[in-house]
file entry31.cif (mmCIF, C-alpha atoms)
data_query
loop_
_atom_site.label_atom_id
_atom_site.label_comp_id
_atom_site.auth_asym_id
_atom_site.auth_seq_id
_atom_site.Cartn_x
_atom_site.Cartn_y
_atom_site.Cartn_z
CA MET A 1 -112.51 10.63 -22.59
CA THR A 2 -111.61 7.51 -24.53
CA GLU A 3 -113.75 4.40 -24.59
CA HIS A 4 -111.51 2.94 -21.89
CA GLY A 5 -112.11 5.91 -19.60
CA LYS A 6 -108.61 7.39 -20.04
CA PRO A 7 -108.23 11.09 -20.86
CA VAL A 8 -107.14 12.05 -24.35
CA VAL A 9 -103.72 13.76 -24.35
CA PRO A 10 -103.51 16.32 -27.16
CA PRO A 11 -100.47 16.00 -29.39
CA ARG A 12 -97.54 18.20 -28.34
CA LEU A 13 -97.59 21.48 -30.18
CA LEU A 14 -94.64 21.91 -32.50
CA VAL A 15 -92.97 25.05 -31.18
CA ASP A 16 -89.76 26.25 -32.83
CA GLU A 17 -87.84 27.35 -29.75
CA TRP A 18 -84.82 28.34 -31.90
CA HIS A 19 -86.73 30.95 -33.91
CA PRO A 20 -86.00 33.92 -31.57
CA LEU A 21 -82.28 33.06 -31.59
CA ARG A 22 -82.12 32.71 -35.38
CA ALA A 23 -83.34 36.28 -35.65
CA LEU A 24 -80.12 37.39 -33.92
CA THR A 25 -77.57 35.72 -36.19
CA ARG A 26 -76.93 34.65 -39.77
CA ALA A 27 -75.26 31.45 -38.52
CA ARG A 28 -77.04 28.14 -39.12
CA ILE A 29 -78.29 27.17 -35.68
CA GLY A 30 -81.02 24.83 -34.51
CA LEU A 31 -81.47 23.14 -37.88
CA GLY A 32 -84.42 20.79 -38.11
CA ARG A 33 -84.39 17.23 -39.34
CA SER A 34 -86.57 14.70 -41.05
CA GLY A 35 -85.67 11.32 -39.64
CA ASN A 36 -81.89 11.09 -39.82
CA ALA A 37 -81.59 13.72 -42.57
CA GLN A 38 -81.68 17.51 -42.65
CA CYS A 39 -84.84 19.23 -43.80
CA THR A 40 -85.03 19.93 -47.51
CA THR A 41 -85.31 23.70 -46.98
CA ASP A 42 -82.06 23.75 -44.97
CA VAL A 43 -80.23 21.64 -47.55
CA LEU A 44 -81.37 23.93 -50.37
CA ALA A 45 -80.41 27.03 -48.41
CA PHE A 46 -76.92 25.61 -47.84
CA GLN A 47 -76.51 24.78 -51.53
CA ALA A 48 -77.64 28.28 -52.49
CA ALA A 49 -75.13 29.86 -50.08
CA HIS A 50 -72.37 27.64 -51.46
CA ALA A 51 -73.24 28.71 -55.00
CA GLN A 52 -73.15 32.37 -53.97
CA ALA A 53 -69.70 31.89 -52.44
CA ARG A 54 -68.40 30.26 -55.63
CA ASP A 55 -69.88 33.05 -57.74
CA ALA A 56 -68.20 35.64 -55.52
CA VAL A 57 -64.81 34.06 -56.19
CA HIS A 58 -65.15 33.42 -59.92
CA THR A 59 -67.26 36.34 -61.21
CA PRO A 60 -64.99 38.88 -62.97
CA LEU A 61 -64.85 42.39 -61.55
CA ASN A 62 -66.84 44.78 -63.76
CA VAL A 63 -64.33 47.62 -64.05
CA GLN A 64 -66.51 49.66 -66.42
CA ASP A 65 -69.37 49.66 -63.92
CA MET A 66 -67.03 50.85 -61.16
CA GLU A 67 -65.83 53.67 -63.40
CA ARG A 68 -69.45 54.72 -63.90
CA GLN A 69 -69.95 54.74 -60.13
CA LEU A 70 -67.17 57.35 -59.89
CA HIS A 71 -69.19 59.80 -62.04
CA GLY A 72 -66.22 60.98 -64.06
CA ALA A 73 -63.59 61.02 -61.31
CA GLU A 74 -60.17 59.87 -62.49
CA CYS A 75 -59.19 56.25 -61.90
CA LEU A 76 -56.58 53.75 -63.07
CA HIS A 77 -56.91 50.06 -63.86
CA VAL A 78 -53.99 47.72 -63.14
CA HIS A 79 -53.52 43.96 -63.26
CA SER A 80 -51.31 41.60 -61.27
CA ARG A 81 -48.92 39.08 -62.77
CA ALA A 82 -51.62 36.40 -62.56
CA ALA A 83 -52.83 36.10 -66.15
CA ASP A 84 -56.26 34.67 -65.30
CA ARG A 85 -58.46 33.59 -62.40
CA ALA A 86 -57.26 29.99 -62.38
CA THR A 87 -53.64 31.14 -62.13
CA TYR A 88 -54.55 33.68 -59.47
CA LEU A 89 -56.11 31.00 -57.27
CA ARG A 90 -53.20 28.59 -57.67
CA ARG A 91 -50.39 31.17 -57.42
CA PRO A 92 -51.01 33.72 -54.65
CA ASP A 93 -47.48 35.06 -55.16
CA LEU A 94 -48.34 36.32 -58.64
CA GLY A 95 -51.30 38.24 -57.27
CA ARG A 96 -48.93 40.22 -55.04
CA ARG A 97 -46.91 41.80 -57.86
CA LEU A 98 -47.91 44.13 -60.66
CA GLY A 99 -47.80 43.09 -64.28
CA GLU A 100 -45.06 44.82 -66.25
CA GLN A 101 -47.45 46.92 -68.33
CA SER A 102 -49.40 48.03 -65.24
CA LEU A 103 -46.22 49.03 -63.44
CA HIS A 104 -45.18 51.31 -66.30
CA GLN A 105 -48.53 53.12 -66.42
CA LEU A 106 -48.27 54.32 -62.81
CA ARG A 107 -46.61 57.71 -62.35
CA LYS A 108 -45.09 59.13 -59.18
CA GLY A 109 -46.72 62.05 -57.45
CA GLU A 110 -46.79 63.69 -54.05
CA TRP A 111 -49.72 61.73 -52.67
CA ASP A 112 -50.60 61.32 -49.02
CA VAL A 113 -52.64 58.18 -49.75
CA VAL A 114 -53.73 55.96 -52.60
CA PHE A 115 -56.90 53.89 -52.36
CA VAL A 116 -56.93 50.56 -54.24
CA ALA A 117 -60.15 48.69 -55.06
CA ALA A 118 -59.10 45.06 -55.56
CA ASP A 119 -61.20 42.03 -56.52
CA GLY A 120 -59.48 39.66 -54.08
CA LEU A 121 -61.53 36.56 -53.34
CA SER A 122 -64.92 38.26 -53.69
CA SER A 123 -65.37 40.52 -56.67
CA ILE A 124 -69.00 40.96 -55.58
CA ALA A 125 -67.85 42.62 -52.34
CA THR A 126 -65.60 45.02 -54.23
CA GLN A 127 -68.22 45.72 -56.89
CA THR A 128 -70.79 46.60 -54.24
CA ASN A 129 -68.81 48.36 -51.53
CA ALA A 130 -65.45 49.72 -52.74
CA VAL A 131 -66.49 52.88 -54.62
CA PRO A 132 -69.10 53.90 -51.99
CA PHE A 133 -66.43 53.43 -49.31
CA PHE A 134 -63.91 55.48 -51.31
CA MET A 135 -66.46 58.28 -51.75
CA ALA A 136 -67.35 58.19 -48.04
CA MET A 137 -63.69 58.79 -47.16
CA GLN A 138 -63.34 62.03 -49.16
CA PRO A 139 -64.97 64.44 -46.65
CA LEU A 140 -63.16 62.73 -43.75
CA LEU A 141 -59.69 63.59 -45.08
CA PRO A 142 -59.71 67.38 -45.60
CA GLY A 143 -56.41 68.67 -46.92
CA TRP A 144 -55.09 65.22 -47.82
CA ARG A 145 -53.63 64.68 -51.27
CA ILE A 146 -55.62 61.64 -52.42
CA ALA A 147 -54.41 59.85 -55.55
CA PRO A 148 -56.85 58.69 -58.23
CA LEU A 149 -58.58 55.45 -57.31
CA VAL A 150 -56.70 52.39 -58.57
CA ILE A 151 -58.82 49.40 -59.58
CA ALA A 152 -56.76 46.20 -59.40
CA THR A 153 -57.74 42.81 -60.81
CA GLN A 154 -56.40 39.37 -59.86
CA SER A 155 -55.07 41.11 -56.77
CA ARG A 156 -53.87 40.09 -53.33
CA VAL A 157 -53.46 42.48 -50.39
CA ALA A 158 -49.73 43.03 -50.93
CA LEU A 159 -50.26 44.33 -54.46
CA GLY A 160 -51.18 47.66 -52.86
CA ASP A 161 -47.62 48.02 -51.55
CA GLU A 162 -46.12 48.02 -55.03
CA ILE A 163 -48.85 50.36 -56.32
CA ALA A 164 -48.17 52.89 -53.55
CA GLN A 165 -44.41 52.59 -53.98
CA ALA A 166 -44.69 53.19 -57.72
CA MET A 167 -46.96 56.21 -57.19
CA GLY A 168 -44.97 57.71 -54.33
CA ALA A 169 -47.86 57.54 -51.84
CA ARG A 170 -47.08 57.66 -48.11
CA MET A 171 -50.00 55.34 -47.31
CA VAL A 172 -52.08 52.79 -49.11
CA VAL A 173 -55.64 51.74 -48.33
CA MET A 174 -56.38 48.35 -49.85
CA MET A 175 -60.12 47.71 -50.25
CA ILE A 176 -60.36 44.04 -51.15
CA GLY A 177 -63.00 41.32 -51.35
CA GLU A 178 -62.65 38.90 -48.45
CA ARG A 179 -62.85 35.13 -48.71
CA PRO A 180 -66.61 34.38 -48.88
CA GLY A 181 -68.28 32.21 -46.28
CA LEU A 182 -71.59 30.38 -46.22
CA SER A 183 -73.42 33.25 -44.54
CA VAL A 184 -71.72 36.25 -46.20
CA ALA A 185 -70.31 36.34 -49.73
CA ASP A 186 -69.92 40.11 -50.17
CA SER A 187 -67.67 41.16 -47.28
CA LEU A 188 -65.05 43.86 -47.93
CA GLY A 189 -61.76 44.06 -46.03
CA ILE A 190 -59.73 47.27 -45.59
CA TYR A 191 -55.94 47.18 -45.08
CA LEU A 192 -54.05 50.34 -44.14
CA THR A 193 -50.26 50.47 -44.52
CA TYR A 194 -47.94 53.39 -43.79
CA ALA A 195 -44.75 53.71 -45.87
CA PRO A 196 -45.52 50.55 -47.89
CA TYR A 197 -42.88 48.73 -49.91
CA VAL A 198 -42.60 45.49 -51.85
CA GLY A 199 -42.15 42.70 -49.32
CA CYS A 200 -43.85 44.63 -46.51
CA PRO A 201 -44.95 42.17 -43.75
CA ASP A 202 -48.56 41.97 -42.60
CA SER A 203 -47.47 43.04 -39.09
CA LEU A 204 -47.12 46.57 -40.48
CA ARG A 205 -50.79 46.78 -41.51
CA ASN A 206 -54.05 47.60 -39.78
CA CYS A 207 -57.19 45.81 -40.89
CA LEU A 208 -60.92 46.53 -40.79
CA SER A 209 -62.98 43.49 -41.70
CA ASN A 210 -66.54 42.42 -42.40
CA ILE A 211 -67.79 45.53 -44.19
CA HIS A 212 -71.12 44.61 -45.76
CA ALA A 213 -74.84 45.15 -45.33
CA HIS A 214 -75.09 42.83 -42.30
CA GLY A 215 -71.76 43.72 -40.71
CA MET A 216 -69.82 46.95 -40.26
CA THR A 217 -71.56 49.68 -42.25
CA ILE A 218 -69.67 51.82 -44.75
CA PRO A 219 -70.10 55.04 -42.69
CA ALA A 220 -68.87 53.27 -39.55
CA GLY A 221 -65.91 51.73 -41.39
CA ALA A 222 -65.01 55.06 -42.98
CA ALA A 223 -65.09 56.84 -39.60
CA LYS A 224 -62.88 54.16 -38.05
CA LEU A 225 -60.42 54.20 -40.96
CA ALA A 226 -60.19 58.00 -40.93
CA TRP A 227 -59.25 57.88 -37.24
CA LEU A 228 -56.59 55.25 -37.93
CA MET A 229 -55.18 57.24 -40.86
CA HIS A 230 -54.87 60.43 -38.82
CA GLU A 231 -53.15 58.48 -36.04
CA ALA A 232 -50.84 56.77 -38.55
CA ASN A 233 -49.92 60.17 -39.94
CA ARG A 234 -49.19 61.47 -36.44
CA LEU A 235 -47.14 58.47 -35.33
CA GLY A 236 -45.52 57.67 -38.67
CA LEU A 237 -46.49 53.98 -38.55
CA THR A 238 -49.22 51.36 -38.88
CA GLY A 239 -49.47 47.74 -37.77
CA VAL A 240 -48.82 46.39 -34.30
CA GLY A 241 -47.60 49.80 -33.17
CA LEU A 242 -50.91 51.47 -33.98
CA LYS A 243 -53.63 50.34 -31.59
CA ASP A 244 -57.31 50.62 -32.47
CA ALA A 245 -58.30 52.92 -29.62
CA ALA A 246 -60.81 55.11 -31.42
CA PRO A 247 -63.35 56.50 -28.93
CA ASP A 248 -66.98 55.56 -29.47
CA LYS A 249 -67.84 59.17 -30.29
CA VAL A 250 -65.76 58.85 -33.47
CA LEU A 251 -68.33 56.43 -34.84
CA GLY A 252 -71.30 58.43 -33.57
CA LYS A 253 -74.68 57.01 -34.58
CA TYR A 254 -73.02 54.18 -36.52
CA THR A 255 -71.51 52.52 -33.42
CA PRO A 256 -74.38 49.99 -32.85
CA SER A 257 -73.62 48.28 -36.16
CA LEU A 258 -70.28 47.11 -34.73
CA HIS A 259 -71.68 45.22 -31.74
CA ASP A 260 -72.23 41.95 -33.59
CA LYS A 261 -70.89 41.35 -37.06
CA ASP A 262 -73.56 38.74 -37.83
CA THR A 263 -76.70 40.65 -36.92
CA ASP A 264 -78.84 43.19 -38.69
CA ALA A 265 -78.58 45.55 -35.72
#
call {"tool": "encode", "arguments": {"input": "entry31.cif", "output": "structure tokens"}}
result
Amino acid sequence: MTEHGKPVVPPRLLVDEWHPLRALTRARIGLGRSGNAQCTTDVLAFQAAHAQARDAVHTPLNVQDMERQLHGAECLHVHSRAADRATYLRRPDLGRRLGEQSLHQLRKGEWDVVFVAADGLSSIATQTNAVPFFMAMQPLLPGWRIAPLVIATQSRVALGDEIAQAMGARMVVMMIGERPGLSVADSLGIYLTYAPYVGCPDSLRNCLSNIHAHGMTIPAGAAKLAWLMHEANRLGLTGVGLKDAAPDKVLGKYTPSLHDKDTDA
């Protein structure tokens, strides 16, 4: 009781009602505030995420490290017509065509598929995920003639078309770093194209996106891609004519990782 005979009301407990929801997503929800401003911790977290996104775009792909990840398996290194990163960012068209020297070093063969590991807009995604994804695909394609891995720098998605055309591959799988966001900076995208050619439209491709530690796992992505590749081989096409109708049993124990791209589930 107070001196005036009125009961003392305890201060309202500060309960963070958003905490259970934040555990389900990497999105920035329920941010706190201090007066009219955001809390310092949230501002610093945003700045750190922005710095990670910039680093993902501008950090050069470490080709030598990727070669070491292959443990002696053959690979090729090609470069687009974009001479440097600044040119690549300003001139997307140059990133879609091979440099003259790179074009001459590719030799035709009787390949069923060529896998291309391209820096794209997140070299960190490619550095981390491309070789493990390539290795995960090997046992899923028994009997397929798989070309040596091609590592492409200053590359856009369409560069894979010219690579496959030059090498005589019936399909190309483009593993490329996706544009980083403020919650994920290391997301890998996979583009599958049957009978690729220079100038091939995007409507003739199939895409798997958001392959990273908090999104689609590498085993799940590999299982999905293998199903799409077998169907593409059967139908003789990819793109809008090839529907993603893989049964859940194809993904097996990895299916839960596809329920929500932003969770750790």
call {"tool": "residues_around", "arguments": {"input": "entry31.cif", "residues": "range 51-59 of chain A", "least_positions_apart": "3", "cutoff": "7 Å", "atoms": "only C-alpha atoms", "output": "short mmCIF file (atom, residue, chain, number, x, y, z; two decimals) with C-alpha atoms, in the frame of the given file"}}
result
data_model
loop_
_atom_site.label_atom_id
_atom_site.label_comp_id
_atom_site.auth_asym_id
_atom_site.auth_seq_id
_atom_site.Cartn_x
_atom_site.Cartn_y
_atom_site.Cartn_z
CA GLN A 47 -76.51 24.78 -51.53
CA ALA A 48 -77.64 28.28 -52.49
CA LEU A 121 -61.53 36.56 -53.34
CA SER A 122 -64.92 38.26 -53.69
CA SER A 123 -65.37 40.52 -56.67
CA ILE A 124 -69.00 40.96 -55.58
CA PRO A 180 -66.61 34.38 -48.88
CA GLY A 181 -68.28 32.21 -46.28
CA LEU A 182 -71.59 30.38 -46.22
CA ALA A 185 -70.31 36.34 -49.73
#
call {"tool": "resolve_selection", "arguments": {"input": "entry31.cif", "expression": "the PyMOL selection byres ((chain A and resi 168) around 7)", "output": "PyMOL selection string"}}
result
chain A and resi 108-111+164-167+169-170
call {"tool": "resolve_selection", "arguments": {"input": "entry31.cif", "expression": "the PyMOL selection byres ((chain A and resi 62) around 10)", "output": "ChimeraX atom specification"}}
result
/A:59-61,63-67,119,123-124,126-127,153
call {"tool": "write_last_selection", "arguments": {"input": "entry31.cif", "atoms": "C-alpha atoms", "output": "PDB file, keeping the file's coordinate frame"}}
result
ATOM      1  CA  THR A  59     -67.260  36.340 -61.210  1.00  0.00           C
ATOM      2  CA  PRO A  60     -64.990  38.880 -62.970  1.00  0.00           C
ATOM      3  CA  LEU A  61     -64.850  42.390 -61.550  1.00  0.00           C
ATOM      4  CA  VAL A  63     -64.330  47.620 -64.050  1.00  0.00           C
ATOM      5  CA  GLN A  64     -66.510  49.660 -66.420  1.00  0.00           C
ATOM      6  CA  ASP A  65     -69.370  49.660 -63.920  1.00  0.00           C
ATOM      7  CA  MET A  66     -67.030  50.850 -61.160  1.00  0.00           C
ATOM      8  CA  GLU A  67     -65.830  53.670 -63.400  1.00  0.00           C
ATOM      9  CA  ASP A 119     -61.200  42.030 -56.520  1.00  0.00           C
ATOM     10  CA  SER A 123     -65.370  40.520 -56.670  1.00  0.00           C
ATOM     11  CA  ILE A 124     -69.000  40.960 -55.580  1.00  0.00           C
ATOM     12  CA  THR A 126     -65.600  45.020 -54.230  1.00  0.00           C
ATOM     13  CA  GLN A 127     -68.220  45.720 -56.890  1.00  0.00           C
ATOM     14  CA  THR A 153     -57.740  42.810 -60.810  1.00  0.00           C
TER      15      THR A 153
END
call {"tool": "resolve_selection", "arguments": {"input": "entry31.cif", "expression": "the PyMOL selection byres ((chain A and resi 93-107) around 12)", "output": "compact mmCIF listing (two decimals) with C-alpha atoms, keeping the file's coordinate frame"}}
result
# COMPACT_ATOMS: atom_id res chain seq x y z
CA CYS A 75 -59.19 56.25 -61.90
CA LEU A 76 -56.58 53.75 -63.07
CA HIS A 77 -56.91 50.06 -63.86
CA VAL A 78 -53.99 47.72 -63.14
CA HIS A 79 -53.52 43.96 -63.26
CA SER A 80 -51.31 41.60 -61.27
CA ARG A 81 -48.92 39.08 -62.77
CA ALA A 82 -51.62 36.40 -62.56
CA ALA A 83 -52.83 36.10 -66.15
CA ASP A 84 -56.26 34.67 -65.30
CA ARG A 85 -58.46 33.59 -62.40
CA ALA A 86 -57.26 29.99 -62.38
CA THR A 87 -53.64 31.14 -62.13
CA TYR A 88 -54.55 33.68 -59.47
CA LEU A 89 -56.11 31.00 -57.27
CA ARG A 90 -53.20 28.59 -57.67
CA ARG A 91 -50.39 31.17 -57.42
CA PRO A 92 -51.01 33.72 -54.65
CA LYS A 108 -45.09 59.13 -59.18
CA GLY A 109 -46.72 62.05 -57.45
CA GLU A 110 -46.79 63.69 -54.05
CA TRP A 111 -49.72 61.73 -52.67
CA VAL A 114 -53.73 55.96 -52.60
CA ALA A 118 -59.10 45.06 -55.56
CA ASP A 119 -61.20 42.03 -56.52
CA GLY A 120 -59.48 39.66 -54.08
CA LEU A 121 -61.53 36.56 -53.34
CA ALA A 147 -54.41 59.85 -55.55
CA PRO A 148 -56.85 58.69 -58.23
CA LEU A 149 -58.58 55.45 -57.31
CA VAL A 150 -56.70 52.39 -58.57
CA ILE A 151 -58.82 49.40 -59.58
CA ALA A 152 -56.76 46.20 -59.40
CA THR A 153 -57.74 42.81 -60.81
CA GLN A 154 -56.40 39.37 -59.86
CA SER A 155 -55.07 41.11 -56.77
CA ARG A 156 -53.87 40.09 -53.33
CA VAL A 157 -53.46 42.48 -50.39
CA ALA A 158 -49.73 43.03 -50.93
CA LEU A 159 -50.26 44.33 -54.46
CA GLY A 160 -51.18 47.66 -52.86
CA ASP A 161 -47.62 48.02 -51.55
CA GLU A 162 -46.12 48.02 -55.03
CA ILE A 163 -48.85 50.36 -56.32
CA ALA A 164 -48.17 52.89 -53.55
CA GLN A 165 -44.41 52.59 -53.98
CA ALA A 166 -44.69 53.19 -57.72
CA MET A 167 -46.96 56.21 -57.19
CA GLY A 168 -44.97 57.71 -54.33
CA ALA A 169 -47.86 57.54 -51.84
CA TYR A 197 -42.88 48.73 -49.91
CA VAL A 198 -42.60 45.49 -51.85
CA GLY A 199 -42.15 42.70 -49.32
CA CYS A 200 -43.85 44.63 -46.51
call {"tool": "closest_residue", "arguments": {"input": "entry31.cif", "among": "A:Trp144, A:Trp227, A:Phe46, A:Phe115", "to": "Val173 in chain A", "atoms": "all atoms listed in the file"}}
result
A:Phe115
call {"tool": "atom_distance", "arguments": {"input": "entry31.cif", "atom1": "CA of Pro196 in chain A", "atom2": "CA of Met174 in chain A"}}
result
11.3 Å
call {"tool": "residues_around", "arguments": {"input": "entry31.cif", "residues": "range 41-44 of chain A", "least_positions_apart": "6", "cutoff": "10 Å", "atoms": "all atoms listed in the file", "output": "PyMOL selection string"}}
result
chain A and resi 28+31-33+50
call {"tool": "atom_distance", "arguments": {"input": "entry31.cif", "atom1": "CA of Leu188 in chain A", "atom2": "CA of Arg205 in chain A"}}
result
15.9 Å
call {"tool": "atom_distance", "arguments": {"input": "entry31.cif", "atom1": "CA of Ile218 in chain A", "atom2": "CA of Leu237 in chain A"}}
result
24.1 Å
call {"tool": "axis_aligned_box", "arguments": {"input": "entry31.cif", "around": "range 214-224 of chain A", "padding_each_side": "5 Å", "output": "AutoDock Vina command-line options"}}
result
--center_x -69.0 --center_y 49.8 --center_z -41.4 --size_x 22.2 --size_y 24.0 --size_z 16.7
call {"tool": "residues_around", "arguments": {"input": "entry31.cif", "residues": "Leu192 in chain A", "least_positions_apart": "3", "cutoff": "10 Å", "atoms": "only C-alpha atoms", "output": "ChimeraX atom specification"}}
result
/A:113,115,160,171-175,196,204-208,225,228-229,232,238-239
call {"tool": "build_atoms", "arguments": {"input": "entry31.cif", "residues": "range 188-208 of chain A", "atoms": "N, CA and C atoms", "output": "PDB file, in the coordinates of the input"}}
result
ATOM      1  N   LEU A 188     -66.227  43.096 -47.510  1.00  0.00           N
ATOM      2  CA  LEU A 188     -65.050  43.860 -47.930  1.00  0.00           C
ATOM      3  C   LEU A 188     -64.091  44.015 -46.758  1.00  0.00           C
ATOM      4  N   GLY A 189     -62.808  43.830 -47.024  1.00  0.00           N
ATOM      5  CA  GLY A 189     -61.760  44.060 -46.030  1.00  0.00           C
ATOM      6  C   GLY A 189     -60.969  45.307 -46.395  1.00  0.00           C
ATOM      7  N   ILE A 190     -60.508  46.048 -45.387  1.00  0.00           N
ATOM      8  CA  ILE A 190     -59.730  47.270 -45.590  1.00  0.00           C
ATOM      9  C   ILE A 190     -58.381  47.098 -44.891  1.00  0.00           C
ATOM     10  N   TYR A 191     -57.293  47.291 -45.638  1.00  0.00           N
ATOM     11  CA  TYR A 191     -55.940  47.180 -45.080  1.00  0.00           C
ATOM     12  C   TYR A 191     -55.229  48.510 -45.244  1.00  0.00           C
ATOM     13  N   LEU A 192     -54.770  49.068 -44.143  1.00  0.00           N
ATOM     14  CA  LEU A 192     -54.050  50.340 -44.140  1.00  0.00           C
ATOM     15  C   LEU A 192     -52.578  50.092 -43.846  1.00  0.00           C
ATOM     16  N   THR A 193     -51.704  50.640 -44.698  1.00  0.00           N
ATOM     17  CA  THR A 193     -50.260  50.470 -44.520  1.00  0.00           C
ATOM     18  C   THR A 193     -49.564  51.814 -44.698  1.00  0.00           C
ATOM     19  N   TYR A 194     -48.746  52.172 -43.728  1.00  0.00           N
ATOM     20  CA  TYR A 194     -47.940  53.390 -43.790  1.00  0.00           C
ATOM     21  C   TYR A 194     -46.558  53.050 -44.348  1.00  0.00           C
ATOM     22  N   ALA A 195     -46.050  53.904 -45.237  1.00  0.00           N
ATOM     23  CA  ALA A 195     -44.750  53.710 -45.870  1.00  0.00           C
ATOM     24  C   ALA A 195     -44.630  52.301 -46.464  1.00  0.00           C
ATOM     25  N   PRO A 196     -45.543  51.910 -47.340  1.00  0.00           N
ATOM     26  CA  PRO A 196     -45.520  50.550 -47.890  1.00  0.00           C
ATOM     27  C   PRO A 196     -44.365  50.345 -48.865  1.00  0.00           C
ATOM     28  N   TYR A 197     -43.941  49.091 -48.973  1.00  0.00           N
ATOM     29  CA  TYR A 197     -42.880  48.730 -49.910  1.00  0.00           C
ATOM     30  C   TYR A 197     -43.059  47.268 -50.286  1.00  0.00           C
ATOM     31  N   VAL A 198     -42.494  46.878 -51.405  1.00  0.00           N
ATOM     32  CA  VAL A 198     -42.600  45.490 -51.850  1.00  0.00           C
ATOM     33  C   VAL A 198     -41.930  44.581 -50.819  1.00  0.00           C
ATOM     34  N   GLY A 199     -42.655  43.586 -50.356  1.00  0.00           N
ATOM     35  CA  GLY A 199     -42.150  42.700 -49.320  1.00  0.00           C
ATOM     36  C   GLY A 199     -42.552  43.113 -47.924  1.00  0.00           C
ATOM     37  N   CYS A 200     -43.397  44.140 -47.812  1.00  0.00           N
ATOM     38  CA  CYS A 200     -43.850  44.630 -46.510  1.00  0.00           C
ATOM     39  C   CYS A 200     -44.603  43.522 -45.757  1.00  0.00           C
ATOM     40  N   PRO A 201     -44.246  43.241 -44.490  1.00  0.00           N
ATOM     41  CA  PRO A 201     -44.950  42.170 -43.750  1.00  0.00           C
ATOM     42  C   PRO A 201     -46.326  42.619 -43.282  1.00  0.00           C
ATOM     43  N   ASP A 202     -47.202  41.660 -43.046  1.00  0.00           N
ATOM     44  CA  ASP A 202     -48.560  41.970 -42.600  1.00  0.00           C
ATOM     45  C   ASP A 202     -48.589  42.606 -41.210  1.00  0.00           C
ATOM     46  N   SER A 203     -47.519  42.440 -40.433  1.00  0.00           N
ATOM     47  CA  SER A 203     -47.470  43.040 -39.090  1.00  0.00           C
ATOM     48  C   SER A 203     -47.415  44.556 -39.148  1.00  0.00           C
ATOM     49  N   LEU A 204     -47.174  45.123 -40.324  1.00  0.00           N
ATOM     50  CA  LEU A 204     -47.120  46.570 -40.480  1.00  0.00           C
ATOM     51  C   LEU A 204     -48.437  47.135 -41.022  1.00  0.00           C
ATOM     52  N   ARG A 205     -49.484  46.334 -41.010  1.00  0.00           N
ATOM     53  CA  ARG A 205     -50.790  46.780 -41.510  1.00  0.00           C
ATOM     54  C   ARG A 205     -51.816  46.823 -40.378  1.00  0.00           C
ATOM     55  N   ASN A 206     -52.844  47.640 -40.598  1.00  0.00           N
ATOM     56  CA  ASN A 206     -54.050  47.600 -39.780  1.00  0.00           C
ATOM     57  C   ASN A 206     -55.209  47.162 -40.654  1.00  0.00           C
ATOM     58  N   CYS A 207     -56.112  46.399 -40.089  1.00  0.00           N
ATOM     59  CA  CYS A 207     -57.190  45.810 -40.890  1.00  0.00           C
ATOM     60  C   CYS A 207     -58.559  46.102 -40.273  1.00  0.00           C
ATOM     61  N   LEU A 208     -59.496  46.481 -41.139  1.00  0.00           N
ATOM     62  CA  LEU A 208     -60.920  46.530 -40.790  1.00  0.00           C
ATOM     63  C   LEU A 208     -61.594  45.451 -41.631  1.00  0.00           C
TER      64      LEU A 208
END
